[in-house]
Structure formats: C-alpha cells, structure tokens
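Structure data follow from upload-v2.txt (compact mmCIF, C-alpha atoms and all ligand atoms):
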# COMPACT_ATOMS: atom_id res chain seq x y z
CA MET A 64 61.48 89.25 86.91
CA ASN A 65 63.20 91.00 83.97
CA LYS A 66 65.13 90.12 80.80
CA THR A 67 68.23 88.95 82.67
CA ASN A 68 66.14 85.93 83.65
CA ASP A 69 66.80 84.50 80.15
CA TYR A 70 70.56 84.18 80.82
CA THR A 71 72.86 82.22 83.11
CA LEU A 72 75.26 85.14 83.69
CA THR A 73 74.59 88.89 83.98
CA ILE A 74 77.80 90.92 83.64
CA ILE A 75 77.50 94.13 85.67
CA VAL A 76 79.57 97.08 84.41
CA PRO A 77 79.55 100.11 86.77
CA ILE A 78 79.89 103.34 84.81
CA TYR A 79 80.82 106.74 86.17
CA ASN A 80 82.07 109.23 83.58
CA GLU A 81 83.49 106.61 81.23
CA GLU A 82 82.38 108.06 77.85
CA ASP A 83 85.76 107.33 76.29
CA ASN A 84 85.47 103.66 77.25
CA MET A 85 81.95 103.02 75.90
CA ALA A 86 82.98 102.12 72.32
CA ALA A 87 85.60 99.64 73.53
CA LEU A 88 83.08 98.17 75.99
CA GLU A 89 80.57 97.56 73.21
CA GLU A 90 83.16 95.91 70.99
CA ARG A 91 84.93 93.81 73.61
CA LEU A 92 81.84 92.67 75.48
CA SER A 93 79.83 91.77 72.38
CA ALA A 94 82.82 89.74 71.14
CA TYR A 95 82.97 87.98 74.49
CA LEU A 96 79.23 87.19 74.62
CA LYS A 97 79.65 85.13 71.45
CA GLN A 98 82.26 82.92 73.09
CA ALA A 99 81.01 82.88 76.68
CA LEU A 100 80.79 79.40 78.18
CA VAL A 101 77.22 80.10 79.35
CA PRO A 102 74.44 82.35 77.97
CA ALA A 103 75.46 85.81 79.17
CA CYS A 104 74.20 89.40 78.99
CA VAL A 105 75.64 92.80 79.92
CA LEU A 106 74.04 95.16 82.43
CA PHE A 107 75.51 98.68 82.42
CA VAL A 108 74.81 100.53 85.65
CA ASN A 109 75.14 104.26 85.09
CA ASP A 110 76.18 105.72 88.43
CA GLY A 111 75.12 109.31 87.83
CA SER A 112 77.65 110.10 85.08
CA LYS A 113 77.98 113.76 84.20
CA ASP A 114 79.49 113.15 80.77
CA ASP A 115 78.05 111.45 77.68
CA SER A 116 78.26 107.88 79.08
CA PHE A 117 74.51 107.45 79.56
CA SER A 118 73.43 108.45 76.05
CA ARG A 119 76.16 106.23 74.56
CA MET A 120 75.03 103.33 76.73
CA LYS A 121 71.42 103.78 75.58
CA GLU A 122 72.57 103.76 71.95
CA ILE A 123 74.51 100.53 72.50
CA CYS A 124 71.53 98.86 74.19
CA GLY A 125 69.32 100.01 71.30
CA ARG A 126 71.41 98.30 68.63
CA ARG A 127 72.61 95.23 70.53
CA ALA A 128 70.59 92.35 71.85
CA ASP A 129 71.90 91.06 75.21
CA PHE A 130 72.86 94.59 76.41
CA PHE A 131 70.78 96.27 79.12
CA TYR A 132 71.15 99.33 81.32
CA CYS A 133 70.03 100.61 84.66
CA ASN A 134 70.30 104.35 85.33
CA LEU A 135 70.83 105.49 88.92
CA ALA A 136 69.23 108.80 89.92
CA LYS A 137 72.51 110.08 91.35
CA ASN A 138 76.13 109.10 91.90
CA GLY A 139 76.48 106.70 94.82
CA GLY A 140 79.91 105.09 94.32
CA LEU A 141 81.04 101.70 93.07
CA SER A 142 79.35 99.72 95.86
CA ALA A 143 75.99 101.37 95.16
CA ALA A 144 76.30 100.67 91.44
CA MET A 145 77.19 97.04 92.13
CA LYS A 146 74.29 96.62 94.52
CA ALA A 147 71.84 98.07 92.02
CA GLY A 148 73.14 95.61 89.41
CA ILE A 149 73.02 92.65 91.79
CA ASP A 150 69.48 93.49 92.91
CA ALA A 151 68.31 93.76 89.30
CA ALA A 152 69.87 90.47 88.17
CA CYS A 153 67.53 87.47 87.76
CA SER A 154 70.16 85.12 86.27
CA PRO A 155 71.69 82.51 88.61
CA LEU A 156 75.16 84.11 88.25
CA VAL A 157 76.32 87.74 88.37
CA GLY A 158 79.66 88.89 87.01
CA TYR A 159 81.46 92.18 87.54
CA ILE A 160 84.01 93.95 85.37
CA ASP A 161 85.17 97.59 85.46
CA ALA A 162 84.47 99.95 82.58
CA ASP A 163 88.17 100.70 82.07
CA LEU A 164 88.71 97.10 80.83
CA GLN A 165 91.89 96.67 82.85
CA THR A 166 90.83 93.03 82.98
CA ALA A 167 89.76 91.04 79.90
CA PRO A 168 86.12 89.91 79.50
CA GLU A 169 87.42 86.67 77.91
CA ASP A 170 88.89 85.75 81.30
CA PHE A 171 85.35 85.26 82.66
CA ASN A 172 85.72 81.92 80.88
CA LEU A 173 88.60 81.07 83.24
CA LEU A 174 86.36 81.71 86.26
CA LEU A 175 83.14 80.10 85.03
CA PRO A 176 84.18 76.43 85.43
CA TYR A 177 84.64 77.02 89.17
CA THR A 178 81.19 78.50 89.76
CA GLU A 179 79.65 75.06 90.27
CA GLU A 180 81.68 74.54 93.41
CA TYR A 181 82.31 78.10 94.65
CA GLU A 182 79.85 80.90 95.38
CA LEU A 183 82.48 83.58 94.63
CA VAL A 184 85.13 83.11 91.95
CA MET A 185 87.49 86.04 91.50
CA GLY A 186 90.62 87.01 89.63
CA ILE A 187 94.07 87.76 90.95
CA ARG A 188 95.71 90.41 88.80
CA ALA A 189 98.88 88.75 87.50
CA ASN A 190 101.56 91.29 86.45
CA ARG A 191 99.50 94.19 87.65
CA GLN A 192 99.81 97.17 85.28
CA ASP A 193 99.31 100.04 87.73
CA SER A 194 101.77 102.60 89.08
CA PHE A 195 104.25 101.64 91.80
CA PHE A 196 102.39 103.90 94.24
CA LYS A 197 98.95 102.42 93.51
CA ASN A 198 100.31 98.86 93.79
CA LEU A 199 101.95 99.73 97.12
CA GLN A 200 98.70 101.18 98.52
CA SER A 201 96.91 98.07 97.37
CA LYS A 202 99.48 95.74 99.00
CA ILE A 203 99.20 97.55 102.35
CA ALA A 204 95.38 97.62 102.22
CA ASN A 205 95.16 93.95 101.24
CA GLY A 206 97.53 92.88 104.01
CA PHE A 207 95.70 94.80 106.71
CA ARG A 208 92.25 93.70 105.54
CA ARG A 209 93.33 90.06 105.37
CA MET A 210 94.65 90.25 108.91
CA MET A 211 91.43 91.86 110.19
CA THR A 212 88.87 89.80 108.25
CA HIS A 213 90.71 86.49 107.63
CA ASP A 214 89.15 86.59 104.17
CA LYS A 215 92.10 84.73 102.56
CA ALA A 216 91.81 87.01 99.49
CA THR A 217 95.04 87.99 97.72
CA ASP A 218 93.50 90.71 95.57
CA THR A 219 90.05 91.74 96.75
CA GLY A 220 89.96 94.74 94.39
CA CYS A 221 90.33 92.64 91.24
CA PRO A 222 87.63 93.88 88.86
CA LEU A 223 86.74 90.42 87.53
CA LYS A 224 84.43 88.40 89.70
CA ILE A 225 81.51 86.00 89.43
CA MET A 226 79.08 85.31 92.27
CA HIS A 227 76.01 83.21 92.79
CA THR A 228 73.22 85.80 92.60
CA ASP A 229 71.34 84.41 95.61
CA TYR A 230 74.45 84.80 97.79
CA ALA A 231 75.28 88.23 96.37
CA GLN A 232 71.74 89.39 97.14
CA ARG A 233 71.96 88.14 100.71
CA ILE A 234 75.15 89.91 101.85
CA PRO A 235 74.94 93.21 103.74
CA PHE A 236 75.77 96.25 101.64
CA PHE A 237 77.39 99.52 102.63
CA THR A 238 79.54 102.14 100.91
CA GLY A 239 82.93 100.51 100.42
CA MET A 240 81.58 96.96 100.60
CA HIS A 241 82.99 96.15 97.16
CA ARG A 242 86.35 95.58 98.87
CA PHE A 243 84.81 93.12 101.31
CA LEU A 244 83.05 90.72 98.96
CA PRO A 245 85.20 87.68 99.88
CA ALA A 246 84.75 88.41 103.62
CA LEU A 247 81.00 88.98 103.20
CA ILE A 248 80.44 85.87 101.08
CA ASP A 249 82.34 83.92 103.75
CA MET A 250 80.12 85.46 106.44
CA VAL A 251 76.98 84.13 104.75
CA GLY A 252 78.50 80.67 104.34
CA GLY A 253 79.81 80.81 100.74
CA LYS A 254 83.13 79.47 99.43
CA MET A 255 85.64 81.57 97.47
CA LYS A 256 88.17 80.64 94.76
CA GLU A 257 90.89 82.85 93.22
CA ILE A 258 92.24 82.40 89.70
CA PRO A 259 95.11 84.38 88.07
CA VAL A 260 93.85 86.66 85.27
CA ARG A 261 95.50 89.12 82.92
CA HIS A 262 95.77 92.82 83.74
CA PHE A 263 96.21 95.84 81.45
CA PRO A 264 96.84 99.56 81.94
CA ARG A 265 93.86 101.96 81.94
CA VAL A 266 93.95 103.43 78.42
CA ALA A 267 90.98 105.84 78.55
CA GLY A 268 89.22 107.89 81.22
CA VAL A 269 90.59 108.52 84.71
CA SER A 270 90.65 106.61 87.99
CA LYS A 271 88.02 107.80 90.49
CA TYR A 272 89.75 106.45 93.58
CA HIS A 273 92.68 108.02 95.39
CA LEU A 274 94.77 107.61 98.53
CA TRP A 275 92.01 108.70 100.94
CA ASN A 276 89.20 106.48 99.68
CA ARG A 277 91.54 103.57 98.97
CA LEU A 278 93.14 103.42 102.43
CA VAL A 279 91.33 105.39 105.14
CA SER A 280 87.69 104.33 104.72
CA PRO A 281 88.61 100.65 104.12
CA PHE A 282 90.66 100.79 107.36
CA VAL A 283 87.58 101.85 109.34
CA ASP A 284 85.40 99.35 107.42
CA CYS A 285 87.59 96.49 108.70
CA PHE A 286 86.39 97.24 112.24
CA ALA A 287 82.79 97.48 111.06
CA TYR A 288 83.14 94.09 109.38
CA ARG A 289 84.49 92.49 112.56
CA TRP A 290 81.58 93.90 114.54
CA MET A 291 79.08 92.74 111.93
CA ARG A 292 80.57 89.29 111.74
CA LYS A 293 80.24 88.84 115.51
CA ARG A 294 76.64 90.04 115.50
CA TYR A 295 75.51 88.56 112.19
CA ILE A 296 72.35 86.45 112.32
CA ASN A 297 72.71 83.21 110.38
CA TYR A 298 69.68 81.19 111.46
CA GLN A 299 68.55 77.83 110.14
CA ILE A 300 64.90 76.81 110.17
CA ASP A 301 64.32 73.36 111.63
CA GLY A 302 60.64 73.00 110.70
CA THR A 303 57.56 75.11 110.04
CA ASN A 304 53.94 74.60 109.04
CA LEU A 305 53.81 77.76 106.92
N1 LIG B 1 82.64 103.88 89.42
C1 LIG B 1 81.30 104.04 89.72
N2 LIG B 1 80.93 105.04 90.59
C2 LIG B 1 81.86 105.86 91.18
C3 LIG B 1 83.23 105.64 90.91
C4 LIG B 1 83.59 104.64 90.02
O1 LIG B 1 80.44 103.32 89.19
O2 LIG B 1 81.45 106.74 91.96
C5 LIG B 1 83.03 102.81 88.46
C6 LIG B 1 84.00 103.26 87.36
O3 LIG B 1 83.34 103.82 86.26
C7 LIG B 1 84.72 101.96 87.04
C8 LIG B 1 84.75 101.26 88.40
O4 LIG B 1 83.72 101.84 89.19
O5 LIG B 1 83.98 101.16 86.13
C9 LIG B 1 86.11 101.37 89.12
O6 LIG B 1 86.51 102.72 89.16
P1 LIG B 1 88.02 103.16 88.82
O7 LIG B 1 88.52 102.40 87.65
O8 LIG B 1 88.04 104.64 88.73
O9 LIG B 1 88.77 102.71 90.15
P2 LIG B 1 90.24 102.09 90.29
O10 LIG B 1 90.30 100.90 89.36
O11 LIG B 1 91.17 103.17 89.88
O12 LIG B 1 90.33 101.73 91.72
MG MG B 2 90.03 100.83 87.35
Write the structure described by the file as structure tokens, please.
Amino acid sequence: MNKTNDYTLTIIVPIYNEEDNMAALEERLSAYLKQALVPACVLFVNDGSKDDSFSRMKEICGRRADFFYCNLAKNGGLSAAMKAGIDAACSPLVGYIDADLQTAPEDFNLLLPYTEEYELVMGIRANRQDSFFKNLQSKIANGFRRMMTHDKATDTGCPLKIMHTDYAQRIPFFTGMHRFLPALIDMVGGKMKEIPVRHFPRVAGVSKYHLWNRLVSPFVDCFAYRWMRKRYINYQIDGTNL
C-alpha cells in the first residue's frame, strides 16, 4: 500500500530525458487535477534519464501535493516504465499520458465516464499532428497488428489511456508490450473502448522511437502475442476450502 491508495486514478507519466517538458507537465497536470472527474494523482516514472528530468521531478513533487515519483535504476524503455507505474499503483484506475503532452490531460475526462463499463478506455488521435512519414509507419503497423491480433484497436499507440488497475497488473509484460495493451486486456477477458481525443505536435524534447523500434520489433511481437494467446492460462476456480 502507498499514497496512490487515497485516489481513484493514478496518472502514470513515463519520463526519459524530458527536462524541457517538466515545467509544462507541472502546470498542465496540476490544472487538470483540479477539474478531474475523480480524485486523481500523478506518478512520474523516471526511466533512467540522463538529463535534469529527475531533479526537476523531485522539486515538483516537493512543492505539489498529489504528485509522486518512482525512479528506475536504469533505462528500460516505455514498457518497463509503464509496468513500474502500474505495479506501484494502488488506486482502482491507472491512466497513462506521455511526457511530451501531445495529448491533453483534460481529455482524461472524456475517457473516465466509460471506465465503469470498460476495463481499457483509450484515445484515438483525431487530426494527428505528426509527420507524414511517422503517420504512415503508424498506419502500416496498426493495420498489420490488427490483422495478427484481432485487437480491434484503431490507434494502439495513443498516449492517453485508462485501465482498471487489477486488469493492468494481470497482463503479461515484455519490452514492446505498450503497443499490445488492447490485445492483452482482451486476452485476460477485459473490454476495450476507443474515444476520439485531441492531438498536438511535440513542442519540446525529441522522440525516442524511430523506424526500427516502431516497425521491426512490433512485427516480431505480433507472432509472440499469437503464441501467448494460444497458450495463455485463464483458469476459473469452481470451489475451494482454502
Ligand atoms: N520513454 C521512456 N523510456 C524510453 C523512451 C521513452 O520512458 O526509453 C517515454 C518518453 O519520455 C515519453 C514516452 O515514453 O514520455 C513516449 O516516448 P516518445 O514521445 O519519444 O515516443 P513517440 O511518441 O515519438 O513514439
Ligand atoms: Mg511522443
């Protein structure tokens, strides 16, 4: 048990070398917490940043109630940061937003009403503000993944999601799993809903993902998912005297 137990929603923000986004994160997220539909807190997960992100995050958490951090010993990638955040969360819901604020924290309020009925509620980036080349890669990857996993997700990479914490803690994790959340939630028996959200250009810091880690690894992961789905153990207990 930790302090996130006092909230309904823990918003996980993975941070890897995002020093130039920390001030905007403090301002935007604290403004959102005041208007969130449920009691919500922020959990920064520092994924081994080599810049000034971690000291800035500690300062923010020192002066703001409802802001917490978790510092990973070394860089492990977005999936590792998400898993660390999910494992630490004691609130019934976990949210996820990227540090570059390409999606708006206020749009969590568009997702929240659906969390009663759905175990994963995620955005679809309307009018996506990325380069033609990045959008094209994303379209190809989404199409192939959908065909392989039948996950019915239009935009699995959308960095605005809310999950039921118990489901999020149950799904198998691996490097690259952040692209398979809809497929994995489906595998453990959860329901998924997509809602259009706003999208903005990255204004500070740089993207950490490129052609190789956006297309090649996810391609291989699709086969791993199909194997896992076939072999996954979903047992139900019919009685015990424990
Ligand atoms: N990130 C992370 N660890 C990494 C790489 C990225 O925690 O090793 C974080 C990063 O700080 C950001 C999010 O994951 O909050 C998504 O990264 P990015 O915006 O670079 O990816 P893109 O949106 O370009 O795919
Ligand atoms: Mg980004």
Problem set entry | 8 Å shell around ligand MG 2 (chain B) using all atoms listed in the file, listed as a ChimeraX atom specification | /A:161-165,222,265,270-271
For this session: Identify, on the basis of only C-alpha atoms, every residue whose closest approach to A:Ser116 does not exceed 12 Å; exclude the query and any residue fewer than 5 positions from it along the same chain; express the result as a list of chain:residue names.
Result: A:Pro77, A:Ile78, A:Tyr79, A:Asn80, A:Glu81, A:Glu82, A:Asp83, A:Asn84, A:Met85, A:Ala86, A:Leu88, A:Phe107, A:Val108, A:Asn109, A:Asp110, A:Gly111, A:Lys121, A:Glu122, A:Ile123, A:Tyr132, A:Asn134, A:Ala162, A:Gly268
Problem set entry | Among listed residues A:Met250, A:Leu173, A:Met255, A:Ala152, nearest A:Arg294 (using all atoms listed in the file) |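 With all atoms listed in the file as the atom set, the closest residue is A:Met250.
Ranking A:Thr212, A:Asp129, A:Leu135, A:Gly253 by their shortest atom-to-atom distance to A:Lys293, with only C-alpha atoms included, puts A:Thr212 first.
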Exercise. Between A:Arg188, A:Lys224, A:Arg292, A:His273, which is the closest to A:Val157 once you count all atoms listed in the file?
Worked result: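 Result for the nearest residue to A:Val157: A:Lys224.
Using only C-alpha atoms and all ligand atoms, the nearest neighbour of ligand LIG 1 (chain B) within the list A:Gly186, A:Gly148, A:Gly125, A:Gly220 is A:Gly220.
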For this session: Report the distance between atom CA of A:Gln192 and atom CA of A:Arg261 in Å, rounded to one decimal place.
Result: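 These atoms are spaced 9.4 Å apart.
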Taking all listed atoms of ligand LIG 1 (chain B), build the axis-aligned box, pad each of the six sides by 4 Å, then write its centre and edge lengths in Å to one decimal as AutoDock Vina command-line options.
--center_x 85.8 --center_y 103.8 --center_z 89.0 --size_x 18.7 --size_y 13.8 --size_z 13.8
For this session: Can you pull out every residue within 8 Å of A:Phe131, counting all atoms listed in the file, but drop anything in the same chain fewer than 6 positions away, and send it as a PyMOL selection string?
Result: chain A and resi 104-107+124
Using only C-alpha atoms and a cutoff of 12 Å, can you tell me which residues are near (81.9, 84.8, 76.3) in the file's coordinates, and write them out as an mmCIF file with C-alpha atoms, keeping the file's coordinate frame?
data_model
loop_
_atom_site.group_PDB
_atom_site.id
_atom_site.type_symbol
_atom_site.label_atom_id
_atom_site.label_comp_id
_atom_site.auth_asym_id
_atom_site.auth_seq_id
_atom_site.Cartn_x
_atom_site.Cartn_y
_atom_site.Cartn_z
ATOM 1 C CA THR A 71 72.860 82.220 83.110
ATOM 2 C CA LEU A 72 75.260 85.140 83.690
ATOM 3 C CA THR A 73 74.590 88.890 83.980
ATOM 4 C CA ILE A 74 77.800 90.920 83.640
ATOM 5 C CA ARG A 91 84.930 93.810 73.610
ATOM 6 C CA LEU A 92 81.840 92.670 75.480
ATOM 7 C CA SER A 93 79.830 91.770 72.380
ATOM 8 C CA ALA A 94 82.820 89.740 71.140
ATOM 9 C CA TYR A 95 82.970 87.980 74.490
ATOM 10 C CA LEU A 96 79.230 87.190 74.620
ATOM 11 C CA LYS A 97 79.650 85.130 71.450
ATOM 12 C CA GLN A 98 82.260 82.920 73.090
ATOM 13 C CA ALA A 99 81.010 82.880 76.680
ATOM 14 C CA LEU A 100 80.790 79.400 78.180
ATOM 15 C CA VAL A 101 77.220 80.100 79.350
ATOM 16 C CA PRO A 102 74.440 82.350 77.970
ATOM 17 C CA ALA A 103 75.460 85.810 79.170
ATOM 18 C CA CYS A 104 74.200 89.400 78.990
ATOM 19 C CA VAL A 105 75.640 92.800 79.920
ATOM 20 C CA ASP A 129 71.900 91.060 75.210
ATOM 21 C CA GLY A 158 79.660 88.890 87.010
ATOM 22 C CA ALA A 167 89.760 91.040 79.900
ATOM 23 C CA PRO A 168 86.120 89.910 79.500
ATOM 24 C CA GLU A 169 87.420 86.670 77.910
ATOM 25 C CA ASP A 170 88.890 85.750 81.300
ATOM 26 C CA PHE A 171 85.350 85.260 82.660
ATOM 27 C CA ASN A 172 85.720 81.920 80.880
ATOM 28 C CA LEU A 173 88.600 81.070 83.240
ATOM 29 C CA LEU A 174 86.360 81.710 86.260
ATOM 30 C CA LEU A 175 83.140 80.100 85.030
#
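Every protein, DNA or RNA residue with an atom at most 10 Å from A:Phe243, where all atoms listed in the file count and chain neighbours fewer than 5 positions away do not, is listed here: Arg208, Arg209, Thr212, Asp214, Ala216, Thr219, Gly220, Phe236, Phe237, Ile248, Asp249, Pro281, Asp284, Cys285 and Tyr288 of chain A.
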Problem set entry | Long-range neighbours of A:Leu274 as JSON, numbers by chain, 10 Å cut-off, all atoms listed in the file, 2 positions minimum in chain | {"A": [196, 197, 200, 201, 272, 276, 277, 278, 279, 280]}
Just the selected residues (C-alpha atoms), exported as an mmCIF file, in the coordinates of the input, please.
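Now in again_39.cif:
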data_model
loop_
_atom_site.group_PDB
_atom_site.id
_atom_site.type_symbol
_atom_site.label_atom_id
_atom_site.label_comp_id
_atom_site.auth_asym_id
_atom_site.auth_seq_id
_atom_site.Cartn_x
_atom_site.Cartn_y
_atom_site.Cartn_z
ATOM 1 C CA PHE A 196 102.390 103.900 94.240
ATOM 2 C CA LYS A 197 98.950 102.420 93.510
ATOM 3 C CA GLN A 200 98.700 101.180 98.520
ATOM 4 C CA SER A 201 96.910 98.070 97.370
ATOM 5 C CA TYR A 272 89.750 106.450 93.580
ATOM 6 C CA ASN A 276 89.200 106.480 99.680
ATOM 7 C CA ARG A 277 91.540 103.570 98.970
ATOM 8 C CA LEU A 278 93.140 103.420 102.430
ATOM 9 C CA VAL A 279 91.330 105.390 105.140
ATOM 10 C CA SER A 280 87.690 104.330 104.720
#
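For the set A:Asn198, A:Asn297, A:Thr228, A:Thr178, the residue with the smallest atom-to-atom gap to ligand LIG 1 (chain B) is A:Asn198, counting only C-alpha atoms and all ligand atoms.
In this structure, atom O11 of ligand LIG 1 (chain B) sits 21.9 Å away from atom CA of A:Cys133.
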Problem set entry | Given only C-alpha atoms and all ligand atoms as the counted atoms, nearest of A:Arg233, A:Lys146, A:Lys215, A:Arg127 to ligand LIG 1 (chain B) |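 Closest to ligand LIG 1 (chain B) of all the choices is A:Lys146.
Here atom CA of A:Lys113 is placed at a distance of 16.8 Å from atom CA of A:Val76.
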